[in-house]
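Engineer: Next up is a structure, given as C-alpha cells.
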Amino acid sequence: MYSCLKLCKKCAIVTERYNDGKCKPCVRAKNNRWAAKNRESINKKHRQWNAENAEAKRATNARYRAKNQKLINERRKAKRALDPSIEKNKSAKRRSAKGVLPKDIVDKLLTSQNWKCRCCNGSLEDGYHLDHIVPISRGGTNTEDNVQLLLPQCNLQKYNLTFEEFLAKRRNNSLHVNVNDDINTVLGYPAC
C-alpha cells in the first residue's frame with residue numbers, strides 16, 4: 001500500500017496519506033467520532049453476532065486458552081501484582097462463605113469417591129483439587145455436601161460454573177468428550 005507524507009489542511013500537520021489522498025489521522029478521528037455517536041447500534045450488532053455464533057466463539061476461545069495457558073497465567077499474575085485487592089476480594093469471599101469444612105474432608109471424599117474424579121472418572125492418585133459443587137462466588141457454602149474432588153484439569157475447566165452447568169457444557173462441547181455418562185447431573189453423583 002502506497003503512502004506519502006503531506007501537509008493536511010484540516011489538522012495543519014504533515015501526516016501520512018491513504019492512496020486516495022486522505023489524511024490518516026483525520027480519517028481515524030472521523031471514524032472514532034462516528035463510532036462514539038453510534039455506540040449503541042454497534043453494540044447491538046456485536047451482541048447479535050455473538051448470539052448467532054456462540055458455539056463457534058466458545059470453541060475458538062477454548063482453543064486459544066488451551067494453546068496460550070502460560071501467557072494467560074502470566075497476565076493474571078501481573079494483574080494481581082498490580083492490584084492486590086483482587087486476591088483480597090477472593091479470599092474475603094471464601095472467608096464469608098457459610099459453613100466450615102472438617103479437617104478430614106479429603107479422606108472422606110477420597111473414600112466415598114473411590115479415588116475417582118466425579119467428572120471424568122479418572123484416578124485421583126496423581127493429584128486432585130477440592131471443588132465446590134456450587135462455587136462460593138455464586139453463593140455456594142463451605143459444607144460437606146457442597147464439595148467434591150476433581151482432577152486438576154477438570155476443576156480448572158469448571159472455573160465458576162455449577163457442576164451441573166459444567167457437565168452440560170462438557171457434553172455439548174466437542175473439545176471435551178471425556179465425561180462420565182453415569183453422573184446424575186442434578187446431584188453431580190453417579191446414578192444408582
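Ligands are numbered from 1 in the order shown, chains are lettered A, B, ... in the order of the C-alpha cells, and residues start at 1 in each chain.
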List the neighbours of segment 39-55 of chain A out to 9 Å using only C-alpha atoms; skip same-chain residues closer than 5 positions along the sequence, and give me the result as a PDB file with all heavy atoms, in the first residue's frame.
Structural biologist:
```pdb
ATOM      1  N   TRP A  34     -17.720   8.873  14.689  1.00  0.00           N
ATOM      2  CA  TRP A  34     -18.902   8.127  14.245  1.00  0.00           C
ATOM      3  C   TRP A  34     -19.179   6.950  15.186  1.00  0.00           C
ATOM      4  O   TRP A  34     -20.318   6.726  15.571  1.00  0.00           O
ATOM      5  CB  TRP A  34     -18.691   7.605  12.820  1.00  0.00           C
ATOM      6  CG  TRP A  34     -19.888   6.852  12.326  1.00  0.00           C
ATOM      7  CD1 TRP A  34     -20.960   7.367  11.681  1.00  0.00           C
ATOM      8  CD2 TRP A  34     -20.136   5.449  12.461  1.00  0.00           C
ATOM      9  NE1 TRP A  34     -21.866   6.386  11.398  1.00  0.00           N
ATOM     10  CE2 TRP A  34     -21.386   5.193  11.878  1.00  0.00           C
ATOM     11  CE3 TRP A  34     -19.442   4.397  13.013  1.00  0.00           C
ATOM     12  CZ2 TRP A  34     -21.944   3.913  11.827  1.00  0.00           C
ATOM     13  CZ3 TRP A  34     -19.992   3.135  12.975  1.00  0.00           C
ATOM     14  CH2 TRP A  34     -21.230   2.900  12.382  1.00  0.00           C
ATOM     15  N   THR A  60     -13.555 -21.393  19.733  1.00  0.00           N
ATOM     16  CA  THR A  60     -12.361 -20.601  19.431  1.00  0.00           C
ATOM     17  C   THR A  60     -11.672 -20.161  20.714  1.00  0.00           C
ATOM     18  O   THR A  60     -10.451 -20.248  20.843  1.00  0.00           O
ATOM     19  CB  THR A  60     -12.730 -19.365  18.584  1.00  0.00           C
ATOM     20  OG1 THR A  60     -13.350 -19.812  17.374  1.00  0.00           O
ATOM     21  CG2 THR A  60     -11.522 -18.515  18.261  1.00  0.00           C
ATOM     22  N   ASN A 173     -19.753 -29.631  24.248  1.00  0.00           N
ATOM     23  CA  ASN A 173     -18.543 -29.112  23.642  1.00  0.00           C
ATOM     24  C   ASN A 173     -17.731 -30.265  23.064  1.00  0.00           C
ATOM     25  O   ASN A 173     -17.302 -31.154  23.774  1.00  0.00           O
ATOM     26  CB  ASN A 173     -17.723 -28.363  24.692  1.00  0.00           C
ATOM     27  CG  ASN A 173     -16.595 -27.580  24.081  1.00  0.00           C
ATOM     28  OD1 ASN A 173     -16.197 -27.830  22.949  1.00  0.00           O
ATOM     29  ND2 ASN A 173     -16.072 -26.644  24.828  1.00  0.00           N
TER      30      ASN A 173
END
```
Engineer: Compile the contact shell of segment 18-33 of chain A as a PyMOL selection string: residues with an atom at most 10 Å away, counting only C-alpha atoms, same-chain residues fewer than 2 positions apart removed.
Structural biologist: chain A and resi 1-11+13-16+35-39
Engineer: Could you save the residues just selected, with N, CA and C atoms, as a short mmCIF file (atom, residue, chain, number, x, y, z; two decimals), in the first residue's frame?
Structural biologist:
```
data_model
loop_
_atom_site.label_atom_id
_atom_site.label_comp_id
_atom_site.auth_asym_id
_atom_site.auth_seq_id
_atom_site.Cartn_x
_atom_site.Cartn_y
_atom_site.Cartn_z
N MET A 1 0.84 -1.18 0.00
CA MET A 1 0.00 0.00 0.00
C MET A 1 0.89 1.24 0.00
N TYR A 2 0.63 2.14 -0.91
CA TYR A 2 1.43 3.35 -1.08
C TYR A 2 0.94 4.41 -0.09
N SER A 3 1.88 5.04 0.60
CA SER A 3 1.51 6.18 1.44
C SER A 3 2.60 7.23 1.31
N CYS A 4 2.20 8.47 1.49
CA CYS A 4 3.17 9.56 1.40
C CYS A 4 2.89 10.56 2.51
N LEU A 5 3.82 11.45 2.73
CA LEU A 5 3.66 12.48 3.75
C LEU A 5 3.32 13.80 3.07
N LYS A 6 2.25 14.43 3.55
CA LYS A 6 1.84 15.74 3.03
C LYS A 6 1.26 16.56 4.17
N LEU A 7 1.21 17.86 3.95
CA LEU A 7 0.59 18.75 4.93
C LEU A 7 -0.92 18.65 4.79
N CYS A 8 -1.58 18.39 5.91
CA CYS A 8 -3.05 18.31 5.92
C CYS A 8 -3.60 19.69 6.24
N LYS A 9 -4.57 20.14 5.45
CA LYS A 9 -5.16 21.46 5.67
C LYS A 9 -6.08 21.46 6.89
N LYS A 10 -6.67 20.30 7.23
CA LYS A 10 -7.58 20.22 8.38
C LYS A 10 -6.83 20.24 9.70
N CYS A 11 -5.83 19.32 9.84
CA CYS A 11 -5.13 19.24 11.13
C CYS A 11 -3.83 20.05 11.14
N ILE A 13 -0.82 19.58 10.08
CA ILE A 13 0.46 18.93 10.33
C ILE A 13 0.78 18.02 9.14
N VAL A 14 2.03 17.65 9.01
CA VAL A 14 2.44 16.74 7.95
C VAL A 14 2.09 15.32 8.41
N THR A 15 1.28 14.64 7.63
CA THR A 15 0.81 13.31 8.02
C THR A 15 0.89 12.34 6.85
N GLU A 16 0.75 11.03 7.18
CA GLU A 16 0.67 10.00 6.15
C GLU A 16 -0.68 10.09 5.49
N ALA A 35 -18.12 6.22 15.58
CA ALA A 35 -18.30 5.07 16.47
C ALA A 35 -18.83 5.51 17.83
N ALA A 36 -18.33 6.65 18.34
CA ALA A 36 -18.81 7.14 19.64
C ALA A 36 -20.28 7.54 19.56
N LYS A 37 -20.67 8.13 18.45
CA LYS A 37 -22.06 8.56 18.26
C LYS A 37 -23.00 7.36 18.08
N ASN A 38 -22.52 6.30 17.47
CA ASN A 38 -23.34 5.13 17.15
C ASN A 38 -22.99 3.91 18.01
N ARG A 39 -22.52 4.14 19.21
CA ARG A 39 -22.06 3.05 20.08
C ARG A 39 -23.15 2.01 20.33
#
```
Engineer: Which polymer residues have any atom within 12 Å of an atom of Tyr159 of chain A, counting only C-alpha atoms, with same-chain residues fewer than 2 positions away left out, as a list in words?
Structural biologist: His129, Asp131, His132, Ile133, Val134, Pro135, Ile136, Ser137, Arg138, Leu150, Pro152, Gln153, Cys154, Asn155, Leu156, Gln157, Leu161, Thr162, Phe163, Glu165, Phe166 and Lys169 of chain A
Engineer: What does the distance between atom CA of Val147 of chain A and atom CA of Leu109 of chain A come to in Å, to one decimal place?
Structural biologist: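 Those two atoms sit 8.5 Å apart.
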